[in-house]
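For reference, upload-v8.pdb (PDB, C-alpha atoms):
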ATOM      1  CA  MET I 315       2.293 -15.048  30.911
ATOM      2  CA  VAL I 316       2.234 -16.925  27.587
ATOM      3  CA  PHE I 317      -1.364 -15.786  27.033
ATOM      4  CA  ILE I 318      -0.236 -12.178  27.391
ATOM      5  CA  ALA I 319       2.787 -12.480  25.058
ATOM      6  CA  LEU I 320       1.145 -14.559  22.321
ATOM      7  CA  PRO I 321      -1.156 -11.839  20.855
ATOM      8  CA  ALA I 322       1.765  -9.380  20.680
ATOM      9  CA  LEU I 323       3.915 -11.982  18.907
ATOM     10  CA  GLN I 324       1.133 -12.753  16.405
ATOM     11  CA  ARG I 325       0.595  -9.025  15.741
ATOM     12  CA  ALA I 326       4.341  -8.574  15.153
ATOM     13  CA  GLN I 327       4.347 -11.484  12.679
ATOM     14  CA  ARG I 328       1.389  -9.980  10.773
ATOM     15  CA  ASP I 329       3.127  -6.590  10.694
ATOM     16  CA  SER I 330       6.284  -8.243   9.350
ATOM     17  CA  GLN I 331       4.231  -9.737   6.495
ATOM     18  CA  ARG I 332       2.626  -6.329   5.847
ATOM     19  CA  LYS I 333       6.051  -4.734   5.531
ATOM     20  CA  GLN I 334       6.910  -7.369   2.923
ATOM     21  CA  ASP I 335       3.670  -6.433   1.146
ATOM     22  CA  VAL I 336       4.835  -2.789   1.076
ATOM     23  CA  SER I 337       7.924  -4.076  -0.751
ATOM     24  CA  LYS I 338       5.613  -5.748  -3.280
ATOM     25  CA  VAL I 339       3.924  -2.401  -3.916
ATOM     26  CA  SER I 340       7.326  -0.784  -4.452
ATOM     27  CA  SER I 341       8.224  -3.510  -6.975
ATOM     28  CA  ALA I 342       4.878  -2.999  -8.712
ATOM     29  CA  ILE I 343       5.585   0.734  -9.005
ATOM     30  CA  MET I 344       9.011   0.028 -10.499
ATOM     31  CA  ASN I 345       7.370  -2.293 -13.042
ATOM     32  CA  TYR I 346       4.816   0.434 -13.786
ATOM     33  CA  GLN I 347       7.658   2.907 -14.370
ATOM     34  CA  SER I 348       9.394   0.452 -16.720
ATOM     35  CA  ASN I 349       6.223   0.194 -18.789
ATOM     36  CA  ASN I 350       5.489   3.952 -18.783
ATOM     37  CA  ASN I 351       8.748   5.687 -19.741
ATOM     38  CA  GLY I 352       9.828   6.193 -16.126
ATOM     39  CA  LYS I 353       6.632   7.977 -15.080
ATOM     40  CA  LEU I 354       5.079   7.321 -11.690
ATOM     41  CA  PRO I 355       1.374   6.532 -11.332
ATOM     42  CA  THR I 356      -0.852   9.596 -11.068
ATOM     43  CA  ALA I 357      -2.985  10.356  -8.016
ATOM     44  CA  GLY I 358      -5.740   7.844  -7.373
ATOM     45  CA  VAL I 359      -7.636   6.058  -4.632
ATOM     46  CA  ALA I 360      -8.667   2.426  -4.244
ATOM     47  CA  GLU I 361     -10.373   2.137  -0.848
ATOM     48  CA  PRO I 362     -10.023  -1.253   0.848
ATOM     49  CA  PRO I 363     -13.270  -3.233   0.875
ATOM     50  CA  GLU I 364     -15.154  -3.649   4.123
ATOM     51  CA  GLU I 365     -13.164  -5.602   6.687
ATOM     52  CA  ASN I 366     -14.209  -9.246   7.036
ATOM     53  CA  GLY I 367     -16.381  -8.771   3.988
ATOM     54  CA  ASP I 368     -16.075 -10.756   0.796
ATOM     55  CA  GLU I 369     -12.599 -12.281   0.893
ATOM     56  CA  GLY I 370     -10.848 -11.478  -2.358
ATOM     57  CA  ALA I 371     -13.064  -8.458  -3.053
ATOM     58  CA  TRP I 372     -11.625  -5.720  -5.230
ATOM     59  CA  PRO I 373     -11.088  -2.303  -3.650
ATOM     60  CA  GLY I 374     -13.766   0.317  -4.252
ATOM     61  CA  GLY I 375     -14.075   1.299  -7.900
ATOM     62  CA  CYS I 376     -11.709  -1.454  -9.073
ATOM     63  CA  GLY I 377     -14.219  -4.211  -9.753
ATOM     64  CA  GLU I 378     -14.495  -3.808 -13.491
ATOM     65  CA  LYS I 379     -11.375  -4.218 -15.599
ATOM     66  CA  THR I 380     -12.594  -1.381 -17.842
ATOM     67  CA  SER I 381     -12.376   1.087 -14.930
ATOM     68  CA  VAL I 382      -8.727   0.259 -14.291
ATOM     69  CA  THR I 383      -7.324   2.750 -16.786
ATOM     70  CA  ALA I 384      -9.237   5.617 -15.163
ATOM     71  CA  ASN I 385      -7.741   5.073 -11.685
ATOM     72  CA  SER I 386      -3.992   4.611 -11.234
ATOM     73  CA  ALA I 387      -4.432   2.944  -7.817
ATOM     74  CA  CYS I 388      -6.814   0.377  -9.320
ATOM     75  CA  ASN I 389      -4.419  -0.111 -12.225
ATOM     76  CA  LEU I 390      -1.579  -0.839  -9.804
ATOM     77  CA  ILE I 391      -3.667  -3.403  -7.916
ATOM     78  CA  ARG I 392      -5.298  -5.127 -10.891
ATOM     79  CA  THR I 393      -2.403  -5.047 -13.349
ATOM     80  CA  TYR I 394       0.735  -5.165 -11.208
ATOM     81  CA  LEU I 395      -0.228  -6.819  -7.897
ATOM     82  CA  ASN I 396      -2.457  -9.610  -9.208
ATOM     83  CA  ASN I 397      -2.107 -12.330 -11.805
ATOM     84  CA  VAL I 398      -3.142 -11.275 -15.295
ATOM     85  CA  ASN I 399      -6.440 -13.176 -15.306
ATOM     86  CA  ALA I 400      -7.246 -12.917 -11.602
ATOM     87  CA  THR I 401     -10.983 -13.095 -10.957
ATOM     88  CA  GLU I 402     -10.588 -12.016  -7.347
ATOM     89  CA  ASN I 403      -8.123  -9.761  -5.574
ATOM     90  CA  GLU I 404      -5.007 -11.593  -4.388
ATOM     91  CA  PHE I 405      -3.473  -8.478  -2.771
ATOM     92  CA  LYS I 406      -4.583  -9.184   0.805
ATOM     93  CA  ASP I 407      -3.308  -8.605   4.308
ATOM     94  CA  PRO I 408      -2.384 -11.549   6.585
ATOM     95  CA  ASN I 409      -5.957 -11.621   7.932
ATOM     96  CA  GLY I 410      -7.312 -12.266   4.416
ATOM     97  CA  ASN I 411      -8.794  -8.777   3.913
ATOM     98  CA  SER I 412      -7.970  -6.845   0.738
ATOM     99  CA  TYR I 413      -5.601  -3.891   0.902
ATOM    100  CA  GLY I 414      -6.317  -0.475  -0.543
ATOM    101  CA  ILE I 415      -3.912   2.026  -2.091
ATOM    102  CA  LYS I 416      -3.966   5.824  -2.115
ATOM    103  CA  ILE I 417      -1.549   7.619  -4.434
ATOM    104  CA  PHE I 418      -0.701  11.266  -3.720
ATOM    105  CA  ASN I 419       1.273  13.543  -6.005
ATOM    106  CA  GLY I 420       3.310  15.545  -3.533
ATOM    107  CA  LEU I 421       3.569  16.087   0.171
ATOM    108  CA  ALA I 422       0.867  18.757   0.475
ATOM    109  CA  ASN I 423      -1.865  16.385  -0.684
ATOM    110  CA  TYR I 424      -0.729  13.620   1.676
ATOM    111  CA  GLU I 425      -0.427  15.744   4.827
ATOM    112  CA  ASN I 426      -4.202  15.833   5.319
ATOM    113  CA  SER I 427      -4.444  12.046   4.989
ATOM    114  CA  ILE I 428      -1.632  10.708   7.167
ATOM    115  CA  PRO I 429      -2.891   7.436   8.656
ATOM    116  CA  THR I 430      -3.315   7.308  12.415
ATOM    117  CA  THR I 431      -4.834   3.842  12.773
ATOM    118  CA  TYR I 432      -4.418   0.527  10.997
ATOM    119  CA  ASP I 433      -6.773   0.712   7.997
ATOM    120  CA  ARG I 434      -5.258  -1.728   5.413
ATOM    121  CA  THR I 435      -4.362   1.198   3.122
ATOM    122  CA  MET I 436      -0.923   1.745   1.632
ATOM    123  CA  TYR I 437      -0.100   5.377   0.901
ATOM    124  CA  VAL I 438       2.162   6.120  -2.067
ATOM    125  CA  ILE I 439       3.475   9.694  -2.105
ATOM    126  CA  THR I 440       5.474  10.920  -5.103
ATOM    127  CA  GLY I 441       8.235  13.529  -4.837
ATOM    128  CA  VAL I 442       9.108  12.620  -1.224
ATOM    129  CA  LYS I 443      11.405  10.414   0.818
ATOM    130  CA  CYS I 444      11.125   8.946   4.303
ATOM    131  CA  LYS I 445      12.451  11.093   7.132
ATOM    132  CA  ASN I 446      15.078   9.547   9.358
ATOM    133  CA  ASP I 447      13.018  10.397  12.429
ATOM    134  CA  GLY I 448      11.921   6.835  13.226
ATOM    135  CA  ALA I 449       8.302   7.971  13.169
ATOM    136  CA  GLY I 450       7.514   7.115   9.541
ATOM    137  CA  GLY I 451       7.285  10.719   8.375
ATOM    138  CA  VAL I 452       8.106  11.963   4.868
ATOM    139  CA  GLU I 453       9.735  15.081   3.419
ATOM    140  CA  ALA I 454       9.762  16.646  -0.031
ATOM    141  CA  VAL I 455      12.676  16.086  -2.416
ATOM    142  CA  ASN I 456      13.651  17.704  -5.715
ATOM    143  CA  ASN I 457      13.524  14.475  -7.727
ATOM    144  CA  LYS I 458       9.897  13.959  -8.751
ATOM    145  CA  ARG I 459      10.618  10.322  -9.630
ATOM    146  CA  ASP I 460      11.290   9.494  -5.988
ATOM    147  CA  TYR I 461       8.451   8.225  -3.858
ATOM    148  CA  ALA I 462       7.787   6.785  -0.439
ATOM    149  CA  ILE I 463       5.187   4.298   0.720
ATOM    150  CA  THR I 464       3.726   4.650   4.204
ATOM    151  CA  PHE I 465       1.573   2.145   6.012
ATOM    152  CA  MET I 466       0.124   2.186   9.516
ATOM    153  CA  THR I 467       0.918  -1.199  11.012
ATOM    154  CA  GLU I 468      -1.273  -2.955  13.514
ATOM    155  CA  GLY I 469       1.184  -2.718  16.380
ATOM    156  CA  SER I 470       4.428  -0.926  15.505
ATOM    157  CA  GLY I 471       3.296   2.459  14.228
ATOM    158  CA  LEU I 472       3.732   4.189  10.890
ATOM    159  CA  TYR I 473       6.119   2.340   8.573
ATOM    160  CA  CYS I 474       7.821   4.182   5.687
ATOM    161  CA  MET I 475       9.755   2.746   2.733
ATOM    162  CA  ASN I 476      11.659   4.761   0.129
ATOM    163  CA  SER I 477      11.598   4.015  -3.588
ATOM    164  CA  GLY I 478      14.188   1.446  -4.537
ATOM    165  CA  SER I 479      14.651   0.272  -0.935
TER     166      SER I 479
END

Conversion result in structure tokens:
Amino acid sequence: MVFIALPALQRAQRDSQRKQDVSKVSSAIMNYQSNNNGKLPTAGVAEPPEENGDEGAWPGGCGEKTSVTANSACNLIRTYLNNVNATENEFKDPNGNSYGIKIFNGLANYENSIPTTYDRTMYVITGVKCKNDGAGGVEAVNNKRDYAITFMTEGSGLYCMNSGS
């Protein structure tokens, strides 16, 4: 019986750490807003590197520091989620694989990309808040400075966190 329960317990512990990592992304966005007159990052994509690939690899398109300004997702990872002089990506899931981030401006753009499986990607959607449906869904709001972060966990479904939570 222990052999059956142990993998579920380990998965739950990894998902708990991932939820804490979502909080780190929210803090990074708040720091970004502080440095950019309250503006949220614009739409951008930083795909997670291949799983079990080069540990500490930068997400796709984020390898060169010069490319950071062109992609808000890369900027968030390189500037706000890593140490200033980091030579490798420190923003990794509990398995040691780098996360990715996708930033969507508005609900319509996100609806075609809602995660259905665990893919190590955090989804930041501006102008929305988490629904209280327990399913991790989001809904549009009037305040364009609000945002939600969704993340498909390994074992407990779609997790959603509101800005400032």

| request: List the residues matched by the PyMOL selection byres ((chain I and resi 463) around 7) in the displayed structure as a list of chain:residue names, ordered by chain and then by residue number. | output: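 Checking the PyMOL selection byres ((chain I and resi 463) around 7) against this file, the residues are I:Met436, I:Tyr437, I:Val438, I:Ile439, I:Tyr461, I:Ala462, I:Thr464, I:Phe465, I:Cys474, I:Met475, I:Asn476.
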
| Looking at I:Asn426, I:Ser412, I:Ser470, I:Asn456, which one is nearest to Leu395 (chain I), with distances taken over only C-alpha atoms? |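 Once distances to Leu395 (chain I) are computed over only C-alpha atoms, the minimum belongs to I:Ser412.
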
| message | So the first atom is CA of Asn385 (chain I) and the second is CA of Gly358 (chain I); what is the distance between them in Å, to one decimal place? | response | 5.5 Å

| request: Tell me which residues the PyMOL selection byres ((chain I and resi 440) around 9) grabs here, as a PyMOL selection string. | output: chain I and resi 354-357+417-421+438-439+441-443+454+458-463

Using 5 Å of padding on each side, determine the axis-aligned box around all atoms of region 432-447 of chain I present in the file and give its centre and edge lengths in Å to one decimal, as lines of an AutoDock Vina configuration file.
center_x = 4.2
center_y = 5.9
center_z = 3.7
size_x = 31.9
size_y = 25.3
size_z = 27.5

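Shortest atom-to-atom contact with Ala371 (chain I) among I:Gly450, I:Gly414, I:Gly352, I:Pro408: I:Gly414, counting all atoms listed in the file.
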
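Put simply, CA of Ala360 (chain I) is 28.5 Å away from CA of Asp447 (chain I).
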
| task | Tell me, in Å to one decimal, how far CA of Ser386 (chain I) is from CA of Tyr473 (chain I). | result |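 Interatomic distance, CA of Ser386 (chain I) to CA of Tyr473 (chain I): 22.4 Å.
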
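Within the 7 Å cut-off around Glu361 (chain I), using all atoms listed in the file and omitting residues fewer than 4 positions from it on the same chain, the listed residues are Pro373, Gly374, Gly414 and Ile415 of chain I.
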
Preceding selection exported with C-alpha atoms as a compact mmCIF listing (two decimals), in the coordinates of the input:
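The result, written out as result09.txt:
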# COMPACT_ATOMS: atom_id res chain seq x y z
CA PRO I 373 -11.09 -2.30 -3.65
CA GLY I 374 -13.77 0.32 -4.25
CA GLY I 414 -6.32 -0.48 -0.54
CA ILE I 415 -3.91 2.03 -2.09

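Take the candidates I:Glu378, I:Asp335, I:Glu369, I:Glu468 and check each one against Gly410 (chain I) using all atoms listed in the file; the shortest distance goes to I:Glu369.
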
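When the PyMOL selection byres ((chain I and resi 337) around 10) is run on the displayed coordinates, the residues it returns are Gln331, Arg332, Lys333, Gln334, Asp335, Val336, Lys338, Val339, Ser340, Ser341, Ala342, Ile343, Ile463, Met475, Asn476, Ser477, Gly478 and Ser479 of chain I.
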
Residues within 8 Å of (-5.2, -12.8, 13.1), counting all atoms listed in the file, listed as a PDB file with C-alpha atoms, in the coordinates of the input:
ATOM      1  CA  GLN I 324       1.133 -12.753  16.405  1.00  0.00           C
ATOM      2  CA  ARG I 325       0.595  -9.025  15.741  1.00  0.00           C
ATOM      3  CA  ARG I 328       1.389  -9.980  10.773  1.00  0.00           C
ATOM      4  CA  PRO I 408      -2.384 -11.549   6.585  1.00  0.00           C
ATOM      5  CA  ASN I 409      -5.957 -11.621   7.932  1.00  0.00           C
TER       6      ASN I 409
END

| task | Rank I:Pro362, I:Glu425, I:Phe405, I:Leu320 by their smallest atom-to-atom distance to Thr393 (chain I), using all atoms listed in the file, and report the top residue only. | result | I:Phe405

| Could you pull the residues within 10 Å of Gly377 (chain I), counting all atoms listed in the file, minus those fewer than 6 positions along the same chain, as a PyMOL selection string? | chain I and resi 371+388+392+401-403

Any chance you could export the current selection's C-alpha atoms as a PDB file, in the frame of the given file?
ATOM      1  CA  ALA I 371     -13.064  -8.458  -3.053  1.00  0.00           C
ATOM      2  CA  CYS I 388      -6.814   0.377  -9.320  1.00  0.00           C
ATOM      3  CA  ARG I 392      -5.298  -5.127 -10.891  1.00  0.00           C
ATOM      4  CA  THR I 401     -10.983 -13.095 -10.957  1.00  0.00           C
ATOM      5  CA  GLU I 402     -10.588 -12.016  -7.347  1.00  0.00           C
ATOM      6  CA  ASN I 403      -8.123  -9.761  -5.574  1.00  0.00           C
TER       7      ASN I 403
END

| field | Contact residues around Tyr413 (chain I) with only C-alpha atoms at 6 Å, ignoring same-chain residues under 3 positions, as a PyMOL selection string | value | chain I and resi 362+406+434-435

| field | Counting all atoms listed in the file, the residue of I:Val398, I:Ala422, I:Gly370, I:Ala322 that sits nearest Glu453 (chain I) | value |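 Among the listed residues, I:Ala422 lies closest to Glu453 (chain I).
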